[in-house]
$ cat model09.tsv   # TSV, C-alpha atoms
chain	number	residue	atom	x	y	z
A	1197	MET	CA	108.84	165.41	77.05
A	1198	GLU	CA	106.55	162.70	78.22
A	1199	GLU	CA	107.13	161.27	81.68
A	1200	LEU	CA	106.72	157.63	82.60
A	1201	SER	CA	103.68	157.20	84.80
A	1202	HIS	CA	102.26	154.27	86.70
A	1203	ASN	CA	99.21	154.31	84.42
A	1204	TYR	CA	101.33	152.80	81.65
A	1205	TYR	CA	101.98	149.80	83.85
A	1206	LEU	CA	98.35	149.45	84.81
A	1207	VAL	CA	97.22	149.47	81.17
A	1208	LEU	CA	99.90	146.98	80.11
A	1209	GLY	CA	98.98	144.74	83.06
A	1210	ALA	CA	95.31	144.87	82.08
A	1211	ILE	CA	96.12	143.90	78.48
A	1212	VAL	CA	98.34	140.97	79.46
A	1213	PHE	CA	95.84	139.80	82.07
A	1214	SER	CA	93.03	139.77	79.51
A	1215	ILE	CA	95.15	137.84	77.00
A	1216	GLY	CA	95.96	135.29	79.69
A	1217	ALA	CA	92.30	134.96	80.66
A	1218	VAL	CA	91.24	134.40	77.05
A	1219	GLY	CA	93.98	131.79	76.63
A	1220	LEU	CA	92.88	130.00	79.78
A	1221	LEU	CA	89.32	129.82	78.46
A	1222	VAL	CA	90.19	128.85	74.90
A	1223	ARG	CA	93.01	126.33	75.18
A	1224	ARG	CA	92.44	122.72	76.15
A	1225	ASN	CA	95.98	121.57	76.82
A	1226	PRO	CA	96.57	121.68	80.61
A	1227	LEU	CA	100.19	122.76	80.17
A	1228	ILE	CA	99.25	125.75	78.04
A	1229	MET	CA	96.48	126.59	80.48
A	1230	PHE	CA	99.18	126.72	83.18
A	1231	MET	CA	101.25	129.03	81.00
A	1232	CYS	CA	98.25	131.33	80.68
A	1233	VAL	CA	97.94	131.39	84.47
A	1234	GLU	CA	101.60	132.45	84.56
A	1235	LEU	CA	100.79	135.25	82.12
A	1236	MET	CA	98.03	136.49	84.42
A	1237	LEU	CA	100.33	136.35	87.46
A	1238	ASN	CA	102.92	138.37	85.56
A	1239	ALA	CA	100.29	140.94	84.64
A	1240	VAL	CA	99.51	141.33	88.34
A	1241	ASN	CA	103.23	141.67	89.07
A	1242	LEU	CA	103.46	144.46	86.50
A	1243	THR	CA	100.58	146.23	88.22
A	1244	PHE	CA	102.21	145.87	91.63
A	1245	VAL	CA	105.54	147.25	90.40
A	1246	GLY	CA	103.81	150.09	88.59
A	1247	LEU	CA	101.94	151.10	91.73
A	1248	ALA	CA	105.11	150.80	93.81
A	1249	PHE	CA	106.65	153.25	91.36
A	1250	GLY	CA	103.62	155.53	91.40
A	1251	LEU	CA	103.25	155.60	95.17
A	1252	ASN	CA	107.02	155.60	95.74
A	1253	ASP	CA	106.67	152.71	98.15
A	1254	ILE	CA	108.71	149.50	98.37
A	1255	GLY	CA	105.66	147.53	99.54
A	1256	GLY	CA	104.54	146.75	96.01
A	1257	GLN	CA	107.87	145.15	95.19
A	1258	VAL	CA	107.66	143.03	98.34
A	1259	ALA	CA	104.25	141.82	97.17
A	1260	VAL	CA	105.75	140.85	93.81
A	1261	PHE	CA	108.43	138.88	95.63
A	1262	PHE	CA	105.80	136.83	97.46
A	1263	VAL	CA	103.71	136.39	94.32
A	1264	MET	CA	106.73	134.89	92.58
A	1265	VAL	CA	107.29	132.39	95.38
A	1266	VAL	CA	103.65	131.33	95.36
A	1267	ALA	CA	103.72	131.04	91.56
A	1268	ALA	CA	106.75	128.75	91.75
A	1269	ALA	CA	105.02	126.53	94.33
A	1270	GLU	CA	101.84	126.50	92.26
A	1271	VAL	CA	103.69	125.42	89.12
A	1272	VAL	CA	105.50	122.62	90.96
A	1273	VAL	CA	102.29	121.16	92.38
A	1274	GLY	CA	100.31	121.71	89.20
A	1275	LEU	CA	102.87	120.03	86.97
A	1276	ALA	CA	103.07	117.10	89.41
A	1277	ILE	CA	99.30	116.69	89.04
A	1278	VAL	CA	99.62	116.85	85.24
A	1279	VAL	CA	102.36	114.19	85.31
A	1280	ALA	CA	100.28	111.96	87.58
A	1281	ILE	CA	97.26	112.26	85.27
A	1282	MET	CA	99.18	111.84	82.02
A	1283	ARG	CA	100.76	108.66	83.31
A	1284	ARG	CA	97.36	106.97	83.41
A	1285	ARG	CA	95.81	108.23	80.19
A	1286	GLU	CA	97.00	109.09	76.75
A	1287	SER	CA	95.05	112.15	75.73
A	1288	ALA	CA	96.28	115.61	76.57
A	1289	THR	CA	93.17	117.74	76.83
A	1290	ALA	CA	91.36	119.07	79.86
A	1291	ASP	CA	88.02	117.85	78.51
A	1292	ASP	CA	88.86	114.22	79.16
A	1293	LEU	CA	89.44	114.76	82.88
A	1294	SER	CA	85.91	113.94	83.93
A	1295	ALA	CA	86.62	111.20	86.47
A	1296	LEU	CA	84.90	113.20	89.22
A	1297	ARG	CA	81.68	113.67	87.28
A	1298	GLY	CA	78.69	112.31	89.19
B	1378	MET	CA	109.39	160.86	74.37
B	1379	SER	CA	111.86	160.11	77.11
B	1380	LEU	CA	114.13	157.12	77.06
B	1381	GLU	CA	112.18	155.45	79.85
B	1382	VAL	CA	108.91	155.67	77.97
B	1383	PHE	CA	110.57	154.39	74.80
B	1384	THR	CA	112.03	151.39	76.66
B	1385	PHE	CA	108.68	150.77	78.29
B	1386	LEU	CA	106.84	150.74	74.99
B	1387	LEU	CA	109.41	148.51	73.32
B	1388	ALA	CA	109.29	145.98	76.17
B	1389	GLY	CA	105.51	146.25	76.23
B	1390	LEU	CA	105.41	145.30	72.55
B	1391	ILE	CA	107.62	142.26	73.30
B	1392	ILE	CA	105.38	141.27	76.22
B	1393	VAL	CA	102.10	141.54	74.32
B	1394	SER	CA	103.38	139.75	71.23
B	1395	GLY	CA	104.77	136.96	73.40
B	1396	ALA	CA	101.50	136.65	75.30
B	1397	ILE	CA	99.53	136.40	72.06
B	1398	GLY	CA	102.03	133.79	70.88
B	1399	VAL	CA	101.45	131.70	74.01
B	1400	VAL	CA	97.71	131.71	73.42
B	1401	LEU	CA	97.81	131.07	69.67
B	1402	SER	CA	100.71	128.65	69.18
B	1403	ARG	CA	99.55	125.10	68.62
B	1404	ASN	CA	102.74	123.39	69.79
B	1405	PRO	CA	103.32	123.50	73.58
B	1406	VAL	CA	107.08	123.89	73.08
B	1407	HIS	CA	106.52	127.02	71.01
B	1408	ALA	CA	104.14	128.32	73.66
B	1409	ALA	CA	106.85	127.83	76.31
B	1410	LEU	CA	109.35	129.75	74.17
B	1411	PHE	CA	106.87	132.60	73.70
B	1412	LEU	CA	106.36	132.56	77.46
B	1413	ILE	CA	110.11	133.12	77.91
B	1414	GLN	CA	109.86	136.12	75.57
B	1415	THR	CA	107.07	137.59	77.68
B	1416	LEU	CA	108.91	136.96	80.95
B	1417	PHE	CA	112.05	138.69	79.67
B	1418	GLY	CA	109.94	141.64	78.62
B	1419	VAL	CA	108.48	141.84	82.11
B	1420	ALA	CA	112.02	141.79	83.52
B	1421	VAL	CA	112.87	144.78	81.33
B	1422	GLU	CA	109.79	146.58	82.62
B	1423	PHE	CA	111.01	145.94	86.16
B	1424	LEU	CA	114.38	147.45	85.26
B	1425	VAL	CA	112.72	150.59	83.87
B	1426	VAL	CA	111.38	151.47	87.33
B	1427	GLU	CA	114.65	150.36	88.97
B	1428	ALA	CA	113.32	147.22	90.61
B	1429	HIS	CA	116.68	145.57	90.04
B	1430	PHE	CA	116.28	142.65	92.41
B	1431	LEU	CA	112.90	141.70	90.99
B	1432	ALA	CA	114.25	141.83	87.44
B	1433	ALA	CA	117.06	139.43	88.35
B	1434	ILE	CA	114.64	137.12	90.18
B	1435	GLN	CA	112.24	137.28	87.24
B	1436	VAL	CA	114.91	135.98	84.88
B	1437	ILE	CA	116.32	133.39	87.30
B	1438	VAL	CA	113.10	132.00	88.73
B	1439	TYR	CA	110.70	132.35	85.84
B	1440	ALA	CA	112.79	131.95	82.71
B	1441	GLY	CA	115.41	129.79	84.40
B	1442	ALA	CA	113.30	127.50	86.54
B	1443	ILE	CA	109.60	127.60	85.80
B	1444	VAL	CA	109.78	127.51	82.01
B	1445	ILE	CA	112.47	124.82	82.16
B	1446	LEU	CA	110.11	122.83	84.39
B	1447	PHE	CA	107.39	123.27	81.79
B	1448	LEU	CA	109.72	122.07	79.04
B	1449	PHE	CA	110.80	119.10	81.15
B	1450	VAL	CA	107.20	118.02	81.62
B	1451	ILE	CA	106.42	118.53	77.93
B	1452	MET	CA	109.37	116.38	76.91
B	1453	LEU	CA	108.80	113.82	79.66
B	1454	LEU	CA	105.19	113.21	78.75
B	1455	GLY	CA	105.62	113.48	75.01
B	1456	VAL	CA	102.63	115.78	74.70
B	1457	ASP	CA	104.45	118.09	72.32
B	1458	GLN	CA	102.31	117.13	69.36
B	1459	ALA	CA	100.36	120.04	67.97
B	1460	GLU	CA	96.85	120.51	69.26
B	1461	ASP	CA	94.09	120.39	66.68
B	1462	MET	CA	92.64	123.88	66.94
B	1463	ARG	CA	89.81	123.24	64.50
B	1464	VAL	CA	87.94	121.02	66.93
B	1465	GLU	CA	85.74	123.08	69.20
B	1466	PRO	CA	84.63	120.86	72.07
B	1467	ILE	CA	81.94	123.15	73.40
B	1468	MET	CA	79.64	125.00	71.02
B	1469	GLY	CA	80.50	128.68	70.70
B	1470	GLN	CA	83.12	128.55	73.41
B	1471	ARG	CA	85.80	130.52	71.60
B	1472	PRO	CA	83.68	133.50	70.56
B	1473	LEU	CA	82.29	133.66	74.08
B	1474	ALA	CA	85.79	133.47	75.55
B	1475	VAL	CA	87.02	136.29	73.34
B	1476	ILE	CA	83.97	138.40	74.19
B	1477	THR	CA	84.54	137.74	77.90
B	1478	GLY	CA	88.20	138.70	77.58
B	1479	GLY	CA	87.33	141.87	75.70
B	1480	ALA	CA	84.76	142.81	78.31
B	1481	LEU	CA	87.29	142.15	81.06
B	1482	LEU	CA	89.84	144.37	79.32
B	1483	GLY	CA	87.28	147.12	78.83
B	1484	LEU	CA	86.27	146.95	82.48
B	1485	LEU	CA	89.89	147.09	83.68
B	1486	LEU	CA	90.71	150.04	81.39
B	1487	ALA	CA	87.58	151.86	82.54
B	1488	ILE	CA	88.62	151.39	86.16
B	1489	ILE	CA	92.14	152.62	85.43
B	1490	ASN	CA	90.75	155.58	83.52
B	1491	SER	CA	88.30	156.56	86.24
B	1492	ALA	CA	90.93	156.43	88.99
B	1493	ASP	CA	92.98	159.24	87.53
B	1494	SER	CA	94.96	159.98	90.66
B	1495	LEU	CA	96.47	157.66	93.23
B	1496	THR	CA	94.92	157.77	96.66
B	1497	GLY	CA	96.46	156.60	99.88
B	1498	THR	CA	99.15	157.91	102.15
B	1499	ARG	CA	102.72	158.06	100.98
B	1500	SER	CA	105.00	156.06	103.20
B	1501	ALA	CA	107.96	157.95	104.57
B	1502	SER	CA	109.99	154.96	105.74
B	1503	ARG	CA	109.49	152.77	102.69
B	1504	SER	CA	110.16	155.36	100.02
B	1505	LEU	CA	111.94	154.10	96.93
B	1506	ASP	CA	114.53	156.88	97.08
B	1507	ALA	CA	115.54	156.35	100.69
B	1508	ILE	CA	119.06	157.30	101.73
B	1509	ASP	CA	121.43	155.63	104.15
B	1510	GLN	CA	123.39	157.25	106.97
B	1511	LEU	CA	126.07	158.57	104.63
B	1512	GLY	CA	123.51	160.27	102.42
B	1513	GLU	CA	124.01	157.81	99.59
B	1514	PRO	CA	120.89	156.45	97.87
B	1515	LEU	CA	120.02	153.04	99.28
B	1516	PRO	CA	120.18	150.24	96.68
B	1517	ASN	CA	116.96	148.52	95.73
B	1518	VAL	CA	118.11	145.17	97.12
B	1519	ASN	CA	118.80	146.68	100.54
B	1520	GLN	CA	115.41	148.36	100.68
B	1521	LEU	CA	113.63	145.18	99.68
B	1522	ALA	CA	115.60	143.10	102.18
B	1523	GLU	CA	114.90	145.58	104.96
B	1524	SER	CA	111.18	145.44	104.26
B	1525	VAL	CA	111.01	141.66	103.85
B	1526	PHE	CA	113.05	140.85	106.95
B	1527	THR	CA	111.43	143.39	109.28
B	1528	GLU	CA	107.84	144.11	108.35
B	1529	HIS	CA	107.06	140.92	106.45
B	1530	VAL	CA	109.22	138.42	108.27
B	1531	PHE	CA	106.25	136.26	109.26
B	1532	ALA	CA	105.06	136.07	105.66
B	1533	PHE	CA	108.60	135.18	104.67
B	1534	GLU	CA	108.66	132.26	107.11
B	1535	VAL	CA	105.27	131.06	105.87
B	1536	THR	CA	106.69	131.24	102.34
B	1537	GLY	CA	109.43	128.81	103.34
B	1538	LEU	CA	106.81	126.47	104.78
B	1539	LEU	CA	104.78	126.75	101.57
B	1540	LEU	CA	107.76	125.80	99.44
B	1541	THR	CA	108.48	122.78	101.65
B	1542	VAL	CA	104.88	121.63	101.42
B	1543	ALA	CA	104.91	122.13	97.65
B	1544	VAL	CA	108.07	120.05	97.20
B	1545	VAL	CA	106.76	117.23	99.39
B	1546	GLY	CA	103.40	117.34	97.65
B	1547	ALA	CA	104.98	117.21	94.21
B	1548	VAL	CA	107.09	114.19	95.15
B	1549	VAL	CA	104.11	112.40	96.66
B	1550	MET	CA	101.89	113.07	93.66
B	1551	ALA	CA	104.42	112.28	90.96
B	1552	ARG	CA	105.64	108.98	92.40
B	1553	ARG	CA	104.02	105.72	91.39
B	1554	ILE	CA	101.51	104.52	93.95
B	1555	PRO	CA	101.54	100.71	94.11
B	1556	GLY	CA	98.29	99.25	92.96
B	1557	ALA	CA	96.29	102.46	93.07
B	1558	MET	CA	94.08	103.44	90.12
B	1559	GLN	CA	95.74	100.97	87.80
B	1560	PRO	CA	95.01	97.27	87.46
B	1561	LEU	CA	97.68	94.93	88.73
B	1562	PRO	CA	99.71	93.37	85.93
B	1563	SER	CA	98.82	89.72	85.66
B	1564	THR	CA	102.44	88.56	85.92
B	1565	ALA	CA	102.98	90.46	89.15
B	1566	LEU	CA	99.73	89.07	90.53
B	1567	ASP	CA	100.81	85.54	89.69
B	1568	ALA	CA	104.16	86.10	91.36
B	1569	LEU	CA	102.36	87.37	94.44
B	1570	MET	CA	100.13	84.30	94.58
B	1571	ALA	CA	103.10	81.97	94.16
B	1572	ASP	CA	104.99	83.78	96.90
B	1573	GLN	CA	102.12	83.48	99.33
B	1574	SER	CA	101.59	79.79	98.63
B	1575	GLU	CA	105.26	79.05	99.18
B	1576	GLU	CA	105.72	80.68	102.59
B	1577	GLY	CA	102.94	82.20	104.65
B	1578	THR	CA	104.91	84.43	107.03
B	1579	SER	CA	104.11	88.12	107.33
B	1580	GLU	CA	107.62	89.16	106.26
B	1581	SER	CA	107.23	87.60	102.84
B	1582	ASP	CA	103.92	89.46	102.47
B	1583	VAL	CA	105.70	92.78	102.89
B	1584	ASP	CA	108.33	91.75	100.38
B	1585	SER	CA	105.79	90.68	97.81
B	1586	ASP	CA	103.89	93.95	98.23
B	1587	GLU	CA	107.03	95.85	97.34
B	1588	SER	CA	107.65	93.68	94.32
B	1589	VAL	CA	104.12	94.42	93.11
B	1590	GLY	CA	104.75	98.11	93.52
B	1591	GLU	CA	107.87	97.95	91.41
B	1592	GLY	CA	106.14	95.89	88.77

$ encode --input "model09.tsv" --output "structure tokens"
Amino acid sequence: MEELSHNYYLVLGAIVFSIGAVGLLVRRNPLIMFMCVELMLNAVNLTFVGLAFGLNDIGGQVAVFFVMVVAAAEVVVGLAIVVAIMRRRESATADDLSALRG
Amino acid sequence: MSLEVFTFLLAGLIIVSGAIGVVLSRNPVHAALFLIQTLFGVAVEFLVVEAHFLAAIQVIVYAGAIVILFLFVIMLLGVDQAEDMRVEPIMGQRPLAVITGGALLGLLLAIINSADSLTGTRSASRSLDAIDQLGEPLPNVNQLAESVFTEHVFAFEVTGLLLTVAVVGAVVMARRIPGAMQPLPSTALDALMADQSEEGTSESDVDSDESVGEG
């Protein structure tokens, strides 16, 4: 009988993190890029919980708690920026946001 | 194969398929729905290792709040039209991105494979199977609360500050700033000029400024 080990969580976290990173690089819609950032944050959460399980320590779960709060704050601010930008221009891709180019 | 491993693999399949769906779906609404699938899978993975509180928070905060916020913004802005995936703005960007992601995955798996045993000291006080005074196993929520409100209480307070700052920042950024970064509408400008010519007191200036902001 195979036992659940923390390595399963680490491998799954690595896979999801890589998918999120590829999505962040490939997609041009800012909203979907945000979703890919959420994927990467969830991959890190999986890793934290897996290590909390492996080390038998509650500290990893506390870290996940704080990551979730920071992710919520990040989404709120990020979506406010997206709304503020979209109100002034029509197109919905990250390539057009070149107002700061010198 | 034990039940835990079976549940883990099933939820892992849900997570990975949802993540691929987020990356590949052309419609942002579909991507948000795939994101919900992934987040529920992660909640199941939390339940497998008995992180009950985190699983509940995952569903409430992520699926219930964050994805709904995404959907609100998608609907509000009307950017739910499908993205044209055939256009490649930068030459060779996608192959390079996939290669980079594959290399990242290989690197992470190599690190996991090389670190075959966990190092570090086991904590006696923060063990997951701690018991209370009566010898009963302490629930996960109690353990988490004890750790958050004793060891990490300062971080918890800073978290509250962060949320306050984020809310204020979001309101400030999303509101319409009068006259900033957008040309004044000609009708509002004319009204302002007429106002100023009629009465030159400072009070009417303030009033006209507000009317421009609304216009």

$ closest_residue --input "model09.tsv" --among "A:Ala1268, A:Tyr1205, A:Asp1292, A:Arg1223" --to "Val1544 in chain B" --atoms "all atoms listed in the file"
A:Ala1268

$ closest_residue --input "model09.tsv" --among "A:Gly1209, A:Ala1269, A:Thr1289, A:Leu1237" --to "chain B" --atoms "all atoms listed in the file"
A:Ala1269

$ atom_distance --input "model09.tsv" --atom1 "CA of Asp1253 in chain A" --atom2 "CA of Leu1416 in chain B"
23.4 Å

$ interface_residues --input "model09.tsv" --of "chain A" --to "chain B" --cutoff "6 Å" --atoms "all atoms listed in the file" --output "number ranges by chain"
A: 1197-1198, 1200, 1214, 1218-1219, 1221-1222, 1252-1254, 1269, 1273, 1276, 1280
